[in-house]
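Student: What follows is upload.csv, CSV, C-alpha atoms and all ligand atoms.
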```csv
chain,number,residue,atom,x,y,z
A,112,MET,CA,0.0,0.0,0.0
A,113,THR,CA,2.9,2.4,0.5
A,114,THR,CA,6.7,2.3,0.3
A,115,LYS,CA,8.2,0.2,3.0
A,116,SER,CA,10.4,2.9,4.3
A,117,ASP,CA,7.5,5.1,5.3
A,118,LEU,CA,5.9,2.4,7.3
A,119,GLU,CA,9.2,1.3,8.8
A,120,LEU,CA,10.0,4.8,9.9
A,121,LEU,CA,6.5,5.1,11.4
A,122,ARG,CA,7.0,1.8,13.2
A,123,GLU,CA,10.2,3.0,14.7
A,124,ALA,CA,8.7,6.4,15.6
A,125,ILE,CA,5.8,4.7,17.4
A,126,ASN,CA,8.0,2.2,19.2
A,127,ASN,CA,10.3,4.8,20.4
A,128,CYS,CA,7.9,7.6,21.4
A,129,LYS,CA,6.4,8.3,24.8
A,130,ARG,CA,4.3,11.5,24.4
A,131,VAL,CA,2.2,11.9,21.3
A,132,ALA,CA,-0.2,14.7,20.2
A,133,VAL,CA,-2.9,14.0,17.7
A,134,VAL,CA,-4.5,17.1,16.2
A,135,SER,CA,-7.7,17.8,14.3
A,136,HIS,CA,-8.0,20.3,11.4
A,137,ARG,CA,-10.3,23.4,11.0
A,138,SER,CA,-13.9,22.5,10.3
A,139,PRO,CA,-13.2,18.9,11.3
A,140,ASP,CA,-15.2,16.2,9.5
A,141,GLY,CA,-15.9,12.5,10.1
A,142,ASP,CA,-12.7,11.3,8.4
A,143,ASN,CA,-10.5,13.7,10.3
A,144,LEU,CA,-12.1,13.0,13.7
A,145,GLY,CA,-12.6,9.3,13.2
A,146,SER,CA,-9.1,8.7,12.0
A,147,LEU,CA,-7.4,10.8,14.7
A,148,LEU,CA,-9.4,9.3,17.5
A,149,ALA,CA,-8.7,5.8,16.2
A,150,MET,CA,-5.0,6.5,16.0
A,151,GLY,CA,-5.0,8.1,19.5
A,152,LEU,CA,-7.0,5.2,21.2
A,153,SER,CA,-4.7,2.6,19.5
A,154,LEU,CA,-1.6,4.4,20.8
A,155,GLU,CA,-3.2,4.6,24.3
A,156,LYS,CA,-3.7,0.9,24.2
A,157,MET,CA,0.0,0.6,23.5
A,158,GLY,CA,0.7,2.5,26.7
A,159,LYS,CA,1.6,5.8,25.1
A,160,ASP,CA,0.8,9.2,26.6
A,161,VAL,CA,-1.6,10.7,24.1
A,162,VAL,CA,-2.9,14.3,24.0
A,163,TYR,CA,-5.8,15.1,21.7
A,164,VAL,CA,-5.9,18.7,20.5
A,165,LYS,CA,-8.7,20.3,18.5
A,166,ALA,CA,-8.3,23.1,16.1
A,167,ASP,CA,-11.9,24.1,16.0
A,168,ILE,CA,-15.3,23.4,17.6
A,169,ILE,CA,-16.6,19.8,17.0
A,170,PRO,CA,-19.9,19.7,15.1
A,171,ASP,CA,-22.7,18.1,17.1
A,172,ASP,CA,-22.9,15.3,14.5
A,173,TYR,CA,-19.7,13.8,15.9
A,174,LEU,CA,-20.3,14.2,19.6
A,175,PHE,CA,-21.3,10.5,19.8
A,176,LEU,CA,-17.9,9.3,18.7
A,177,PRO,CA,-16.0,7.2,21.3
A,178,GLY,CA,-13.2,9.2,22.8
A,179,ILE,CA,-14.5,12.6,21.5
A,180,GLU,CA,-14.4,14.0,25.0
A,181,ARG,CA,-10.6,13.6,25.0
A,182,LEU,CA,-10.2,16.5,22.5
A,183,GLU,CA,-9.2,19.7,24.1
A,184,THR,CA,-8.1,23.2,23.2
A,185,ARG,CA,-4.4,23.9,24.0
A,186,ASN,CA,-2.3,27.0,23.8
A,187,ASP,CA,1.4,27.9,23.4
A,188,SER,CA,2.3,26.9,27.0
A,189,ILE,CA,2.0,23.2,26.1
A,190,ASP,CA,5.1,21.1,26.6
A,191,GLU,CA,7.0,19.2,23.9
A,192,PHE,CA,5.9,16.0,22.2
A,193,ASP,CA,7.9,13.2,20.7
A,194,VAL,CA,5.5,12.8,17.8
A,195,LEU,CA,2.7,14.9,16.3
A,196,MET,CA,0.2,12.9,14.3
A,197,VAL,CA,-1.7,14.9,11.7
A,198,LEU,CA,-4.4,13.0,9.9
A,199,ASP,CA,-6.6,13.9,6.9
A,200,SER,CA,-5.0,17.4,6.6
A,201,SER,CA,-3.6,18.5,3.2
A,202,ASP,CA,-1.3,21.3,4.5
A,203,GLU,CA,-0.1,23.0,7.7
A,204,ASP,CA,-2.7,25.8,7.2
A,205,ARG,CA,-5.5,23.3,7.9
A,206,LEU,CA,-4.4,23.2,11.6
A,207,GLY,CA,-5.4,26.8,12.1
A,208,GLU,CA,-4.2,28.1,15.5
A,209,ASN,CA,-2.7,24.8,16.3
A,210,GLN,CA,0.2,25.2,13.8
A,211,PHE,CA,2.4,26.0,16.8
A,212,LEU,CA,2.3,22.2,17.6
A,213,LEU,CA,4.4,21.6,14.5
A,214,LYS,CA,7.3,23.3,16.3
A,215,LYS,CA,6.6,21.6,19.6
A,216,SER,CA,7.2,18.1,18.3
A,217,LYS,CA,10.4,16.3,17.5
A,218,LEU,CA,8.7,14.4,14.6
A,219,ILE,CA,5.7,15.1,12.5
A,220,VAL,CA,3.7,12.3,11.0
A,221,ASN,CA,1.4,13.2,8.1
A,222,ILE,CA,-1.2,10.6,7.1
A,223,ASP,CA,-3.6,11.7,4.4
A,224,HIS,CA,-5.3,11.0,1.1
A,225,HIS,CA,-5.7,14.6,-0.4
A,226,VAL,CA,-4.2,15.0,-3.9
A,227,SER,CA,-3.1,18.5,-2.8
A,228,ASN,CA,-1.1,17.3,0.2
A,229,THR,CA,2.1,19.3,0.6
A,230,LYS,CA,4.0,16.5,2.4
A,231,PHE,CA,4.8,18.8,5.3
A,232,GLY,CA,5.7,15.9,7.7
A,233,ASP,CA,8.9,14.1,8.5
A,234,ILE,CA,7.1,10.9,7.7
A,235,ASN,CA,4.5,11.3,4.9
A,236,ILE,CA,2.0,8.5,4.2
A,237,VAL,CA,-0.1,10.2,1.5
A,238,LEU,CA,-2.2,7.9,-0.7
A,239,PRO,CA,-4.6,10.0,-2.9
A,240,ASP,CA,-6.0,6.8,-4.5
A,241,LEU,CA,-7.5,5.6,-1.3
A,242,SER,CA,-11.1,6.6,-0.4
A,243,SER,CA,-10.3,8.1,3.0
A,244,THR,CA,-7.7,8.6,5.6
A,245,GLY,CA,-9.7,6.0,7.6
A,246,GLU,CA,-9.0,3.4,5.0
A,247,ILE,CA,-5.3,4.2,5.0
A,248,LEU,CA,-5.2,4.1,8.8
A,249,PHE,CA,-6.8,0.7,9.0
A,250,ASN,CA,-4.1,-0.7,6.7
A,251,ILE,CA,-1.4,1.0,8.8
A,252,LEU,CA,-2.8,-0.3,12.1
A,253,GLY,CA,-2.8,-3.8,10.6
A,254,GLU,CA,0.7,-3.6,9.1
A,255,LEU,CA,2.2,-2.3,12.3
A,256,GLU,CA,0.2,-4.8,14.4
A,257,MET,CA,-1.3,-2.0,16.5
A,258,PRO,CA,-4.3,-2.7,18.7
A,259,ILE,CA,-7.8,-2.5,17.2
A,260,ASP,CA,-11.0,-2.9,19.3
A,261,SER,CA,-14.7,-2.3,18.6
A,262,GLU,CA,-14.4,1.5,19.4
A,263,ILE,CA,-11.4,1.9,17.1
A,264,ALA,CA,-13.1,-0.1,14.4
A,265,SER,CA,-16.3,2.0,14.8
A,266,LEU,CA,-14.2,5.2,14.4
A,267,ILE,CA,-12.7,3.9,11.2
A,268,TYR,CA,-16.1,3.0,9.9
A,269,VAL,CA,-17.3,6.6,10.6
A,270,ALA,CA,-14.2,7.9,8.8
A,271,ILE,CA,-14.7,5.8,5.7
A,272,SER,CA,-18.5,6.1,5.5
A,273,THR,CA,-18.6,9.9,5.8
A,274,ASP,CA,-15.7,10.5,3.4
A,275,THR,CA,-17.2,8.3,0.7
A,276,GLY,CA,-20.7,9.7,0.8
A,277,ARG,CA,-21.9,6.4,2.4
A,278,PHE,CA,-19.7,4.3,0.0
A,279,THR,CA,-20.8,6.0,-3.3
A,280,TYR,CA,-17.8,8.2,-4.4
A,281,GLN,CA,-15.2,7.6,-7.0
A,282,GLY,CA,-12.4,6.5,-4.5
A,283,VAL,CA,-14.4,3.5,-3.3
A,284,THR,CA,-13.0,0.2,-4.4
A,285,GLY,CA,-13.3,-3.5,-3.6
A,286,MET,CA,-10.5,-2.9,-1.1
A,287,THR,CA,-12.6,-0.3,0.6
A,288,HIS,CA,-15.4,-2.8,1.1
A,289,GLU,CA,-13.0,-5.5,2.2
A,290,THR,CA,-11.6,-3.1,4.8
A,291,VAL,CA,-15.2,-2.3,6.0
A,292,ALA,CA,-16.0,-6.0,6.1
A,293,LYS,CA,-13.0,-6.6,8.4
A,294,LEU,CA,-14.3,-3.9,10.7
A,295,TYR,CA,-17.3,-6.1,11.5
A,296,ASP,CA,-14.9,-8.7,12.9
A,297,TYR,CA,-14.1,-6.3,15.7
A,298,GLY,CA,-17.8,-6.1,16.7
A,299,ILE,CA,-18.9,-2.8,15.2
A,300,ASP,CA,-22.7,-2.0,15.2
A,301,SER,CA,-23.1,-0.3,11.9
A,302,TYR,CA,-26.8,0.3,12.3
A,303,SER,CA,-26.3,2.2,15.5
A,304,ILE,CA,-23.4,4.2,13.9
A,305,ASN,CA,-25.5,5.1,10.8
A,306,THR,CA,-28.5,6.1,12.9
A,307,ASN,CA,-26.3,8.4,14.9
A,308,LEU,CA,-24.6,9.8,11.8
A,309,TYR,CA,-27.4,10.2,9.4
A,310,GLN,CA,-30.8,10.3,11.2
A,311,ARG,CA,-30.4,12.9,13.9
A,312,ARG,CA,-30.7,16.2,11.9
A,313,SER,CA,-32.3,18.9,14.1
A,314,LEU,CA,-35.5,20.5,13.0
A,315,ALA,CA,-33.7,23.9,12.8
A,316,ARG,CA,-31.2,22.4,10.4
A,317,THR,CA,-34.0,21.0,8.2
A,318,LYS,CA,-35.5,24.5,8.1
A,319,LEU,CA,-32.2,26.0,7.1
A,320,PHE,CA,-31.9,23.4,4.4
A,321,ILE,CA,-35.4,24.3,3.0
A,322,LYS,CA,-34.5,28.0,3.0
A,323,ALA,CA,-31.1,27.5,1.4
A,324,ILE,CA,-32.3,25.1,-1.3
A,325,SER,CA,-35.2,27.4,-2.2
A,326,GLN,CA,-32.6,30.1,-3.1
A,327,MET,CA,-30.4,27.9,-5.3
A,328,GLU,CA,-29.3,29.6,-8.5
A,329,PHE,CA,-28.1,28.0,-11.8
A,330,TYR,CA,-25.6,29.4,-14.3
A,331,ASN,CA,-24.0,28.3,-17.6
A,332,ASN,CA,-26.8,26.1,-19.0
A,333,ASN,CA,-27.6,24.9,-15.5
A,334,GLU,CA,-24.1,23.3,-15.2
A,335,ILE,CA,-23.2,25.5,-12.2
A,336,GLY,CA,-25.5,25.4,-9.1
A,337,ILE,CA,-24.9,27.8,-6.3
A,338,VAL,CA,-26.3,28.3,-2.8
A,339,LYS,CA,-25.2,31.3,-0.7
A,340,ILE,CA,-25.6,31.2,3.1
A,341,SER,CA,-25.4,34.6,4.7
A,342,LYS,CA,-24.8,35.1,8.4
A,343,LYS,CA,-28.4,36.6,8.5
A,344,MET,CA,-29.8,33.3,7.2
A,345,ILE,CA,-28.0,31.4,10.0
A,346,ASP,CA,-29.3,33.9,12.6
A,347,GLU,CA,-32.9,33.7,11.4
A,348,THR,CA,-33.0,29.9,11.5
A,349,LYS,CA,-31.1,29.8,14.8
A,350,THR,CA,-28.5,27.4,13.3
A,351,SER,CA,-24.8,27.5,12.9
A,352,MET,CA,-22.6,27.2,9.8
A,353,ASP,CA,-22.0,23.5,10.7
A,354,ASP,CA,-25.6,23.0,10.0
A,355,THR,CA,-25.0,23.4,6.3
A,356,GLU,CA,-23.7,19.8,5.9
A,357,GLY,CA,-25.5,18.0,3.0
A,358,ILE,CA,-26.5,21.1,1.1
A,359,VAL,CA,-23.7,21.1,-1.4
A,360,GLU,CA,-24.3,17.4,-2.1
A,361,PHE,CA,-27.9,18.1,-2.8
A,362,ILE,CA,-27.0,20.7,-5.4
A,363,ARG,CA,-24.5,18.3,-7.0
A,364,ASP,CA,-27.2,15.6,-7.4
A,365,THR,CA,-29.1,17.7,-9.9
A,366,GLU,CA,-28.6,16.0,-13.3
A,367,SER,CA,-27.4,19.0,-15.2
A,368,VAL,CA,-25.0,20.2,-12.5
A,369,GLU,CA,-21.2,19.8,-13.2
A,370,ALA,CA,-20.1,22.1,-10.4
A,371,ALA,CA,-22.0,22.5,-7.1
A,372,CYS,CA,-21.0,25.5,-5.0
A,373,LEU,CA,-21.9,26.3,-1.4
A,374,LEU,CA,-20.7,29.8,-0.3
A,375,LYS,CA,-20.8,30.4,3.4
A,376,GLU,CA,-20.4,33.9,4.9
A,377,VAL,CA,-18.4,32.7,8.0
A,378,ASP,CA,-17.6,36.3,9.0
A,379,ASN,CA,-17.9,39.7,7.6
A,380,SER,CA,-16.2,39.5,4.1
A,381,ILE,CA,-14.9,36.0,4.9
A,382,VAL,CA,-16.4,33.3,2.7
A,383,LYS,CA,-15.9,29.6,2.9
A,384,ILE,CA,-16.2,27.8,-0.5
A,385,SER,CA,-17.4,24.2,-0.7
A,386,LEU,CA,-17.1,22.8,-4.2
A,387,ARG,CA,-18.3,19.4,-5.5
A,388,THR,CA,-17.9,18.5,-9.2
A,389,LYS,CA,-18.7,15.7,-11.6
A,390,ASN,CA,-16.7,15.0,-14.8
A,391,LYS,CA,-15.7,18.3,-16.4
A,392,VAL,CA,-14.3,20.4,-13.5
A,393,ASP,CA,-11.3,19.7,-11.4
A,394,ALA,CA,-12.4,21.0,-8.0
A,395,ASN,CA,-8.9,20.9,-6.5
A,396,LYS,CA,-7.6,23.1,-9.3
A,397,VAL,CA,-10.5,25.6,-9.0
A,398,CYS,CA,-10.0,25.9,-5.2
A,399,SER,CA,-6.2,26.1,-5.5
A,400,ALA,CA,-6.9,29.4,-7.4
A,401,PHE,CA,-8.3,30.6,-4.1
A,402,ASN,CA,-5.5,29.2,-2.0
A,403,GLY,CA,-7.5,26.2,-1.0
A,404,GLY,CA,-7.5,22.6,-2.1
A,405,GLY,CA,-8.8,19.1,-1.5
A,406,HIS,CA,-9.7,16.4,-4.0
A,407,ASN,CA,-10.5,16.4,-7.7
A,408,ARG,CA,-14.2,16.1,-7.0
A,409,ALA,CA,-14.5,17.8,-3.5
A,410,SER,CA,-12.5,20.8,-2.5
A,411,GLY,CA,-12.7,23.9,-0.4
A,412,ALA,CA,-11.2,27.3,0.2
A,413,THR,CA,-11.6,30.4,2.4
A,414,VAL,CA,-11.6,33.7,0.7
A,415,GLU,CA,-11.6,37.3,2.0
A,416,ASP,CA,-14.3,39.0,-0.1
A,417,SER,CA,-18.1,39.6,-0.1
A,418,LEU,CA,-20.5,36.7,-0.8
A,419,ASP,CA,-21.5,38.2,-4.2
A,420,ASN,CA,-17.9,38.9,-5.3
A,421,VAL,CA,-16.8,35.4,-4.4
A,422,GLU,CA,-19.7,34.0,-6.3
A,423,LYS,CA,-18.7,36.0,-9.5
A,424,ARG,CA,-15.0,35.0,-9.1
A,425,LEU,CA,-15.9,31.4,-8.6
A,426,ILE,CA,-18.2,31.3,-11.6
A,427,THR,CA,-15.3,32.8,-13.7
A,428,GLU,CA,-12.9,30.2,-12.5
A,429,ILE,CA,-15.3,27.2,-13.1
A,430,ASN,CA,-16.2,28.5,-16.5
A,431,LYS,CA,-12.6,27.9,-17.6
A,432,TYR,CA,-13.5,24.1,-17.5
A,433,LEU,CA,-17.0,24.2,-19.0
B,501,LIG,P1,-15.6,20.8,2.5
B,501,LIG,O1,-16.2,21.5,1.3
B,501,LIG,O2,-16.5,19.7,3.0
B,501,LIG,O3,-15.3,21.8,3.6
B,501,LIG,O4,-14.2,20.2,2.1
B,501,LIG,C1,-14.1,19.4,1.0
B,501,LIG,C2,-12.7,18.9,0.9
B,501,LIG,O5,-11.8,20.0,0.6
B,501,LIG,C3,-12.2,18.3,2.1
B,501,LIG,O6,-11.4,17.2,1.7
B,501,LIG,C4,-11.3,19.3,2.8
B,501,LIG,O7,-10.2,18.7,3.4
B,501,LIG,C5,-10.8,20.2,1.6
B,501,LIG,N1,-10.8,21.6,2.0
B,501,LIG,C6,-11.8,22.3,2.5
B,501,LIG,N2,-11.4,23.6,2.8
B,501,LIG,C7,-10.1,23.6,2.5
B,501,LIG,C8,-9.1,24.7,2.6
B,501,LIG,O8,-9.4,25.8,3.0
B,501,LIG,N3,-7.9,24.4,2.2
B,501,LIG,C9,-7.6,23.1,1.7
B,501,LIG,N4,-6.3,22.9,1.3
B,501,LIG,N5,-8.5,22.1,1.6
B,501,LIG,C10,-9.7,22.4,2.0
B,502,MN,MN,-10.7,12.7,4.2
```
Please go through the file and, once you have read it, give me the structure as structure tokens.
Ligand code: 5GP
Ligand code: MN

Tutor:
Amino acid sequence: MTTKSDLELLREAINNCKRVAVVSHRSPDGDNLGSLLAMGLSLEKMGKDVVYVKADIIPDDYLFLPGIERLETRNDSIDEFDVLMVLDSSDEDRLGENQFLLKKSKLIVNIDHHVSNTKFGDINIVLPDLSSTGEILFNILGELEMPIDSEIASLIYVAISTDTGRFTYQGVTGMTHETVAKLYDYGIDSYSINTNLYQRRSLARTKLFIKAISQMEFYNNNEIGIVKISKKMIDETKTSMDDTEGIVEFIRDTESVEAACLLKEVDNSIVKISLRTKNKVDANKVCSAFNGGGHNRASGATVEDSLDNVEKRLITEINKYL
């Protein structure tokens, strides 16, 4: 699955370390949280001293994850670590305020599947062909003979399921399903996990969804679909920006749409782009033009400009591919 030396270096690093920090990225998702908690819990079972640091608030959707209460906010006063584990993060920027941890650790391990990964670690296990960081991690735990129990297996299931759109995206292979099949051997309860993940949407969030979708706009022969979420809309529906999950996928699922865009006004003149594409548009390249990145079919960026300006600039960028 990867070059032997990466794995051997990781094996040595894990065997020799005492204090490890695992860190989440900004706007953490299921793959990020599932993978980092799985890695952390496995290291704990090996007797390592593990500190879990969050770079952002954890969306309610993931509060049921085993070990989630371990994630804490830290500041500069934190002491040194032997190893910093960064999972599912394409570059150092993704760590937001927690970038200082990169300097607090003797060794940085970067495990990821983003095509835009900058290989910022001392050890980089970056496999863009795999569906999710969770899938990579399961292979690593197996190859390094690290402990796996039902909680760790459940976390990996969450990571893979959420990052593959419930096993529907392009990165899903027979290997992905084989990995998931093996997770059942550790006693996961997939029905309970799926109910927690996908059947607990708040009523306020459903109302935000209705409002947002009713304002969807189409451009370029209906090949571009856009929804803009203003701070006002969030206030009016008593929701938060995290409650926008699922909207961009709904736009994408329109037959004519090649590029689905969700623009969120996260602060005054700060807009978060979420982009999902089908065959014609390379989402990673489009978002790279805005200093973001991700995957060919799913990418993001944060831009300092008004909602309307970002919309215009994004349409211009996408139009280069249509
Ligand atoms: P989402 O639209 O769900 O926030 O993100 C989609 C994908 O793009 C994820 O894989 C995420 O890691 C990546 N992504 C989102 N925002 C950014 C960003 O600001 N910079 C980079 N490099 N990647 C991002
Ligand atoms: Mn991922």

Student: Give me the residues within 8 Å of stretch 379-392 of chain A as JSON, numbers by chain, counting all atoms listed in the file and dropping any in the same chain fewer than 5 places off.

Tutor: {"A": [359, 360, 363, 368, 369, 370, 371, 372, 373, 374, 397, 398, 407, 408, 409, 410, 411, 412, 413, 414, 415, 416, 417, 418, 421, 429, 432, 433]}

Student: Could you give me, as a tab-separated table (two decimals) with C-alpha atoms, keeping the file's coordinate frame, the residues within 12 Å of A:Phe211, counting all atoms listed in the file and dropping anything in the same chain fewer than 3 positions from it?

Tutor:
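Now in part03.tsv:
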```tsv
chain	number	residue	atom	x	y	z
A	134	VAL	CA	-4.50	17.10	16.20
A	164	VAL	CA	-5.90	18.70	20.50
A	166	ALA	CA	-8.30	23.10	16.10
A	185	ARG	CA	-4.40	23.90	24.00
A	186	ASN	CA	-2.30	27.00	23.80
A	187	ASP	CA	1.40	27.90	23.40
A	188	SER	CA	2.30	26.90	27.00
A	189	ILE	CA	2.00	23.20	26.10
A	190	ASP	CA	5.10	21.10	26.60
A	191	GLU	CA	7.00	19.20	23.90
A	192	PHE	CA	5.90	16.00	22.20
A	195	LEU	CA	2.70	14.90	16.30
A	203	GLU	CA	-0.10	23.00	7.70
A	204	ASP	CA	-2.70	25.80	7.20
A	206	LEU	CA	-4.40	23.20	11.60
A	207	GLY	CA	-5.40	26.80	12.10
A	208	GLU	CA	-4.20	28.10	15.50
A	214	LYS	CA	7.30	23.30	16.30
A	215	LYS	CA	6.60	21.60	19.60
A	216	SER	CA	7.20	18.10	18.30
```

Student: For ligand MN 502 (chain B), return the neighbouring residues as a PyMOL selection string (distance at most 9 Å; all atoms listed in the file).

Tutor: chain A and resi 140-143+146+198-200+223-225+242-245+270-271+273-275+405

Student: Between A:Glu246, A:Glu422, A:Asp393, A:Asp353, which is the closest to A:Asp171 once you count only C-alpha atoms?

Tutor: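 Residue with the minimum atom-to-atom distance to A:Asp171: A:Asp353.
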
Student: Residues within 9 Å of (7.9, 14.0, 13.0), file coordinates, counting all atoms listed in the file: what are they? Give the list as a count of residues only.

Tutor: 15

Student: So, counting only C-alpha atoms, which residue among A:Leu118, A:Met352, A:Leu241, A:Leu182 is closest to A:Leu147?

Tutor: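 Checking each of A:Leu118, A:Met352, A:Leu241, A:Leu182 against A:Leu147, counting only C-alpha atoms, the winner is A:Leu182.
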
Student: Calculate how many Å separate atom CA of A:Pro170 from atom CA of A:Leu308, rounding to one decimal.

Tutor: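 Those two atoms sit 11.4 Å apart.
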
Student: Between atom CA of A:Ile304 and atom CA of A:Ile168, measure the distance and give it in Å to one decimal.

Tutor: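 These two atoms are separated by 21.2 Å.
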
Student: Which one is closest to ligand LIG 501 (chain B): A:Asp300, A:Glu180, A:Glu356, A:Asp346? Count only C-alpha atoms and all ligand atoms.

Tutor: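 Smallest separation from ligand LIG 501 (chain B) among the options: A:Glu356.
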
Student: A:Met286, A:Asp240, A:Lys349, A:Ile335: which is nearest A:Glu366, counting all atoms listed in the file?

Tutor: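 Between A:Met286, A:Asp240, A:Lys349, A:Ile335, the residue approaching A:Glu366 most closely is A:Ile335.
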
Student: How many Å separate atom CA of A:Arg316 from atom CA of A:Ile426?

Tutor: 27.1 Å

Student: At a cut-off of 7 Å, using all atoms listed in the file, what residues contact A:Ser367? Leave out same-chain residues fewer than 2 positions from it and give the result as a ChimeraX atom specification.

Tutor: /A:333-334,365,369

Student: Quick one: residues within 9 Å of A:Val161, all atoms listed in the file, excluding same-chain residues fewer than 6 positions away - as a PyMOL selection string?

Tutor: chain A and resi 129-133+151-152+154-155

Student: Smallest atom-to-atom distance to ligand LIG 501 (chain B): which of A:Gly158, A:Gly298, A:Gly336, A:Gly404, using all atoms listed in the file?

Tutor: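 Of the candidates, the smallest distance to ligand LIG 501 (chain B) is held by A:Gly404.
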
Student: Compare A:Asp378, A:Asp296, A:Asp260, A:Glu289 by their minimum atom-to-atom distance to A:Pro177, counting only C-alpha atoms, and give me the closest one.

Tutor: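 Answer, going by the shortest atom-to-atom distance: A:Asp260.
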
Student: May I have the residues within 10 Å of A:Arg277 as number ranges by chain, using all atoms listed in the file and disregarding those fewer than 5 positions away in the same chain?

Tutor: A: 269, 271-272, 283, 305, 309

Student: Can you sort out the box for ligand LIG 501 (chain B), edges along x, y and z, all listed atoms in, 6 Å on every side, with centre and edge lengths in Å to one decimal, as AutoDock Vina command-line options?

Tutor:
```
--center_x -11.4 --center_y 21.5 --center_z 2.1 --size_x 22.2 --size_y 20.6 --size_z 15.0
```
